[in-house]
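K.L.:
Structure incoming, see below.
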Amino acid sequence: MKASRINFVTFTLVISFLFCSCSRTDEKVQMKVIQYQVPVLVSKPDNPVLQIMLMPAGSSERMVREISVSLEGTSDMSDIRTLRLFSSGGDMTFSVENPFGKDMPPAPVVKFEGNLPLSDTLSLWLSAELKTSASLLNKIQASCISVKTSEGKVQPDTSFIPLKLRIGLALRKHLDDNVHTYRIPGLTTTKNGTLLAIYDIRRNSSRDLQGDIDIGLSRSTDGGNTWEQMKVVLDMKEWGGLPQKFNGVSDACILADNTTGKVFIAGLWMHGVLDRNGKWIEGLTDESDAWEHQWRNSGSQPGFGVKETSQFLVVSSSDDGVTWSEPVNITKMCKRREWWLWAPAPGHGITLKDGTLVMPTQGRDEEGKPFSNITWSRDGGITWKTGKPAYSNTTESMAAELSDGSVMLNMRHNQNRNNPGVNNGRAVAVTGDLGETWTEHPSSRNALIEPTCMGSLHRHDYTENGVKKSILLFSNPDSRTARTHMTIKVSFDDGMTWPLQNRLLLDELRSAGYSCLTSIDENTIGILYEGSQSMLTFEMIPLSELIR
């Protein structure tokens with residue numbers, strides 16, 4: 001009896017010791033959990049979902065043994081193929097060089113086990129790889145439950161509230177198809193509901209024209225869930241006996257004719273290089289390093305010839321974007337001789353209610369100063385006419401038809417560069433006669449801020465409770481100083497106001513910042529943008545999240 005009592009006491013002490021050992025806390029380590037509003041992308045092997053910072057006090061070295069994370073709040077865990085945890089040491093940037101533990105399948109609670117020294121501040125990143133079948137309407141949510149060190153358990157601050165990160169698609173990434181850079185997105189929906197995405201294929205560098213640049217196209221017939229292999233639709237190759245790097249095509253605009261179903265893509269072609277005096281350089285070869293920008297110095301000049309000015313090319317498709325025509329040069333048809341430049345404005349054009357095709361364009365006037373305008377066709381794209389400048393010192397723009405049938409042009413304004421003040425704002429003008437005359441809109445220069453970057457304007461029509469309605473959508477980096485915080489904004493009154501409660505942040509980190517919006521269907525918006533996680537990111541946005 002006495003022995004049994006001793007054994008019971010011993011057993012109780014052992015259990016108590018184990019319990020205390022398992023539940024003790026490591027009070028000399030602080031944990032900070034950080035999350036950024038960025039998309040989690042299909043077709044990208046590693047996506048940063050959560051950052052865990054461990055900050056030890058004192059000089060004693062301890063080991064990180066286990067990290068537990070929760071996926072509670074994730075729309076569908078089966079969207080996730082694999083979860084990984086990486087250490088970036090004292091570097092706060094996302095890195096996949098040093099894994100902690102092994103790859104883990106998704107579960108409500110996921111535990112990563114390993115041995116990692118912790119003597120100084122340590123940054124760890126939770127990464128997710130998605131299945132190709134992941135729904136682009138779903139979201140990923142993750143949080144850190146605890147970290148176990150050799151000295152005990154560390155728990156996060158209870159004030160941390162996890163974000164719901166949208167699932168998107170990395171449509172084009174660095175070195176896809178051995179291409180250095182993809183830039184300048186355009187996106188439209190054809191009469192048949194096909195999505196067509198266009199972009200610069202900058203083969204050898206990220207630099208603008210002049211260079212080996214073609215216009216590429218991606219096509220989706222299922223609303224953006226899957227995309228066909230990229231095809232090249234505008235490539236001037238070795239025209240005129242010059243290397244491809246001296247026959248670049250860039251800054252494309254796509255326009256879907258909602259009446260006939262025909263689709264047009266316009267691009268700006270540079271043949272050769274004009275020097276600082278506007279003189280065409282002879283004898284260029286693959287070894288030549290001559291370069292000039294069409295918007296700078298004398299990179300494009302008055303006149304119509306290929307050795308005088310950059311050229312405005314148009315290709316078209318009559319089979320929903322499957323095949324494309326040879327390029328048609330409409331420079332002489334529309335450009336004024338005295339203008340230094342006339343070019344497409346990247347993004348998409350529109351079909352007015354009366355069937356008129358309208359494409360946003362831009363140029364440099366007789367003094368070389370930039371302007372924005374529109375170019376239009378009333379015969380299905382056989383002939384085109386260009387309107388008068390809507391605004392001076394503006395460039396890239398996009399157009400939308402307002403409720404009264406007039407056309408609004410929303411423009412990038414150069415005066416906003418390095419201007420963080422309250423007078424930073426996009427220029428906006430309206431025309432009722434296809435650009436013959438323009439009136440500055442009341443919202444101009446005061447409603448929509450920018451870091452001097454291309455932005456997208458799009459009209460969306462929908463039905464609510466049997467009533468037909470329309471809104472204006474606008475996307476750009478929502479910042480006066482940096483190309484960060486890619487945001488969609490909504491106007492219910494033809495662009496007079498853009499309510500704060502109807503703004504949706506997609507990507508808060510830095511990127512090149514261009515974007516293009518389209519209507520996938522009445523209830524879904526599509527956007528293609530230059531994001532922080534992929535050169536070209538595609539996302540679907542339920543309309544209900546924008547007009548709530």
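Numbering starts fresh at 1 for the residues of each chain in the structure tokens, the chains themselves are lettered A, B, ... in the order given, and ligands are numbered from 1 as they appear.
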Which residues come within 7 Å of A:Ala256, counting only C-alpha atoms, excluding same-chain residues fewer than 6 positions away, as a list in words?

P.N.:
Thr188, Thr189, Thr190, Lys262, Val263, Phe264 and Ile350 of chain A

K.L.:
Just write the chosen residues, N, CA, C and O atoms, as a PDB file, in the first residue's frame.

P.N.:
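Wrote it out as result.pdb, contents follow:
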ATOM      1  N   THR A 188      -9.982  43.217 -73.108  1.00  0.00           N
ATOM      2  CA  THR A 188     -11.339  43.491 -73.558  1.00  0.00           C
ATOM      3  C   THR A 188     -12.119  42.203 -73.651  1.00  0.00           C
ATOM      4  O   THR A 188     -11.554  41.102 -73.643  1.00  0.00           O
ATOM      5  N   THR A 189     -13.443  42.341 -73.745  1.00  0.00           N
ATOM      6  CA  THR A 189     -14.359  41.215 -73.897  1.00  0.00           C
ATOM      7  C   THR A 189     -15.041  41.349 -75.254  1.00  0.00           C
ATOM      8  O   THR A 189     -15.620  42.395 -75.562  1.00  0.00           O
ATOM      9  N   THR A 190     -14.960  40.314 -76.064  1.00  0.00           N
ATOM     10  CA  THR A 190     -15.541  40.392 -77.406  1.00  0.00           C
ATOM     11  C   THR A 190     -17.055  40.227 -77.346  1.00  0.00           C
ATOM     12  O   THR A 190     -17.632  39.902 -76.305  1.00  0.00           O
ATOM     13  N   LYS A 262     -15.967  42.197 -84.784  1.00  0.00           N
ATOM     14  CA  LYS A 262     -14.581  42.339 -85.205  1.00  0.00           C
ATOM     15  C   LYS A 262     -13.749  42.955 -84.079  1.00  0.00           C
ATOM     16  O   LYS A 262     -14.274  43.709 -83.248  1.00  0.00           O
ATOM     17  N   VAL A 263     -12.476  42.626 -84.035  1.00  0.00           N
ATOM     18  CA  VAL A 263     -11.589  43.145 -82.991  1.00  0.00           C
ATOM     19  C   VAL A 263     -10.378  43.804 -83.652  1.00  0.00           C
ATOM     20  O   VAL A 263      -9.832  43.288 -84.634  1.00  0.00           O
ATOM     21  N   PHE A 264      -9.961  44.947 -83.094  1.00  0.00           N
ATOM     22  CA  PHE A 264      -8.824  45.694 -83.620  1.00  0.00           C
ATOM     23  C   PHE A 264      -7.763  45.835 -82.534  1.00  0.00           C
ATOM     24  O   PHE A 264      -8.074  46.012 -81.351  1.00  0.00           O
ATOM     25  N   ILE A 350     -13.591  51.529 -77.136  1.00  0.00           N
ATOM     26  CA  ILE A 350     -14.998  51.255 -76.829  1.00  0.00           C
ATOM     27  C   ILE A 350     -15.865  51.343 -78.084  1.00  0.00           C
ATOM     28  O   ILE A 350     -15.478  51.952 -79.088  1.00  0.00           O
TER      29      ILE A 350
END

K.L.:
Do you know which residues are at most 8 Å from A:Thr74 counting only C-alpha atoms, after dropping those on the same chain fewer than 5 positions away, and could you put them as a count of residues only?

P.N.:
6

K.L.:
Let me make sure I understand: among A:Lys44, A:Arg296, A:Arg337, A:Lys111, which one has the smallest atom-to-atom distance to A:Arg65 if we use only C-alpha atoms?

P.N.:
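So, comparing all the options, the nearest one is A:Lys111.
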
K.L.:
Could you pull out the residues in stretch 241-321 of chain A that DSSP calls helix (DSSP H, G or I) from the backbone, as JSON, numbers by chain?

P.N.:
{"A": [241, 244, 245, 246]}

K.L.:
Where in stretch 412-461 of chain A does DSSP assign strand (DSSP E or B), given as a list in words?

P.N.:
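Reading the DSSP output for stretch 412-461 of chain A, strand (DSSP E or B) covers Arg412, His413, Ala427, Val428, Ala429, Val430, Thr431, Thr439, Glu440, Ser456, Leu457, His458, Arg459, His460 and Asp461 of chain A.
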
K.L.:
Can I get the selection written as a tab-separated table (two decimals), in the first residue's frame, with C-alpha atoms?

P.N.:
chain	number	residue	atom	x	y	z
A	412	ARG	CA	-2.44	60.81	-67.15
A	413	HIS	CA	-1.23	64.34	-66.35
A	427	ALA	CA	-7.15	65.31	-66.00
A	428	VAL	CA	-10.69	64.59	-67.23
A	429	ALA	CA	-12.47	66.04	-70.26
A	430	VAL	CA	-15.75	65.33	-72.05
A	431	THR	CA	-16.80	65.64	-75.70
A	439	THR	CA	-15.09	70.55	-71.93
A	440	GLU	CA	-13.09	69.99	-68.77
A	456	SER	CA	-8.01	52.43	-66.74
A	457	LEU	CA	-11.54	53.80	-67.16
A	458	HIS	CA	-14.39	51.43	-67.96
A	459	ARG	CA	-18.18	51.61	-68.08
A	460	HIS	CA	-20.01	48.56	-66.71
A	461	ASP	CA	-23.68	47.90	-67.43

K.L.:
Give me the stretch 419-535 of chain A side of the contact with stretch 376-387 of chain A, cut-off 9 Å, one line per residue showing its nearest atom pair and distance in Å at one decimal, counting only C-alpha atoms, sorted by chain and residue number, as a tab-separated table.

P.N.:
residue	atom	partner	partner_atom	distance
A:Leu434	CA	A:Gly387	CA	6.5
A:Gly435	CA	A:Gly387	CA	4.4
A:Glu436	CA	A:Gly387	CA	5.6
A:Thr437	CA	A:Gly387	CA	8.3

K.L.:
Restricted to C-alpha atoms, what would the selected residues look like written as an mmCIF file, in the first residue's frame?

P.N.:
data_model
loop_
_atom_site.group_PDB
_atom_site.id
_atom_site.type_symbol
_atom_site.label_atom_id
_atom_site.label_comp_id
_atom_site.auth_asym_id
_atom_site.auth_seq_id
_atom_site.Cartn_x
_atom_site.Cartn_y
_atom_site.Cartn_z
ATOM 1 C CA LEU A 434 -16.153 62.999 -81.071
ATOM 2 C CA GLY A 435 -13.333 65.267 -80.058
ATOM 3 C CA GLU A 436 -14.077 68.315 -82.169
ATOM 4 C CA THR A 437 -14.631 70.264 -78.944
#

K.L.:
Using only C-alpha atoms, which residue out of A:Gly432, A:Gly347, A:Gly283, A:Gly267 lies closest to A:Thr331?

P.N.:
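Closest to A:Thr331 of all the choices is A:Gly267.
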
K.L.:
Using only C-alpha atoms, tabulate the residues of stretch 113-217 of chain A lying at most 12 Å from any atom of stretch 493-516 of chain A, each with its closest atom pair and that distance in Å to one decimal, by chain and increasing residue number, as a tab-separated table.

P.N.:
residue	atom	partner	partner_atom	distance
A:Leu163	CA	A:Leu505	CA	11.7
A:Lys164	CA	A:Leu506	CA	10.9
A:Leu165	CA	A:Leu506	CA	8.8
A:Arg166	CA	A:Leu506	CA	7.9
A:Ile167	CA	A:Leu506	CA	10.4
A:Gly168	CA	A:Leu506	CA	10.0
A:Thr181	CA	A:Ala512	CA	11.1
A:Tyr182	CA	A:Ala512	CA	10.4
A:Arg183	CA	A:Tyr514	CA	8.0
A:Ile184	CA	A:Tyr514	CA	6.2
A:Pro185	CA	A:Ser515	CA	6.0
A:Gly186	CA	A:Cys516	CA	5.4
A:Leu187	CA	A:Cys516	CA	5.7
A:Thr188	CA	A:Cys516	CA	8.3
A:Thr189	CA	A:Cys516	CA	11.5
A:Leu196	CA	A:Cys516	CA	11.3
A:Ala197	CA	A:Cys516	CA	9.2
A:Ile198	CA	A:Cys516	CA	10.0
A:Tyr199	CA	A:Tyr514	CA	10.7
A:Asp200	CA	A:Tyr514	CA	11.9
A:Ser206	CA	A:Ala512	CA	10.5

K.L.:
What's the separation between atom CA of A:Ser68 and atom CA of A:Val147, in Å to one decimal place?

P.N.:
6.4 Å

K.L.:
Near stretch 208-218 of chain A, counting only C-alpha atoms, which residues have an atom at most 9 Å away, once you skip same-chain residues fewer than 4 positions from it, shown as a ChimeraX atom specification?

P.N.:
/A:171,195-204,227-237,243-252,267,269-273,290-294,321

K.L.:
Suppose you want the space between atom CA of A:Pro156 and atom CA of A:Pro39; what is it in Å?

P.N.:
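So the answer is 23.5 Å.
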
K.L.:
Tell me, in Å to one decimal, how far atom CA of A:Leu268 is from atom CA of A:Met359.

P.N.:
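Taking atom CA of A:Leu268 and atom CA of A:Met359, their separation equals 13.6 Å.
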
K.L.:
Closest to A:Val40 among A:Ile145, A:Leu54, A:Leu169, A:Leu137, using only C-alpha atoms?

P.N.:
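Answer, going by the shortest atom-to-atom distance: A:Leu169.
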
K.L.:
Please determine, counting only C-alpha atoms, which residue among A:Asn115, A:Ser519, A:Asn192, A:Asn419 has the shortest atom-to-atom distance to A:Gly261.

P.N.:
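Between A:Asn115, A:Ser519, A:Asn192, A:Asn419, the residue approaching A:Gly261 most closely is A:Asn192.
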
K.L.:
Would you mind telling me which residue in A:Pro389, A:Pro360, A:Pro99, A:Gly368 lies nearest to A:Leu409 when using only C-alpha atoms?

P.N.:
A:Pro360
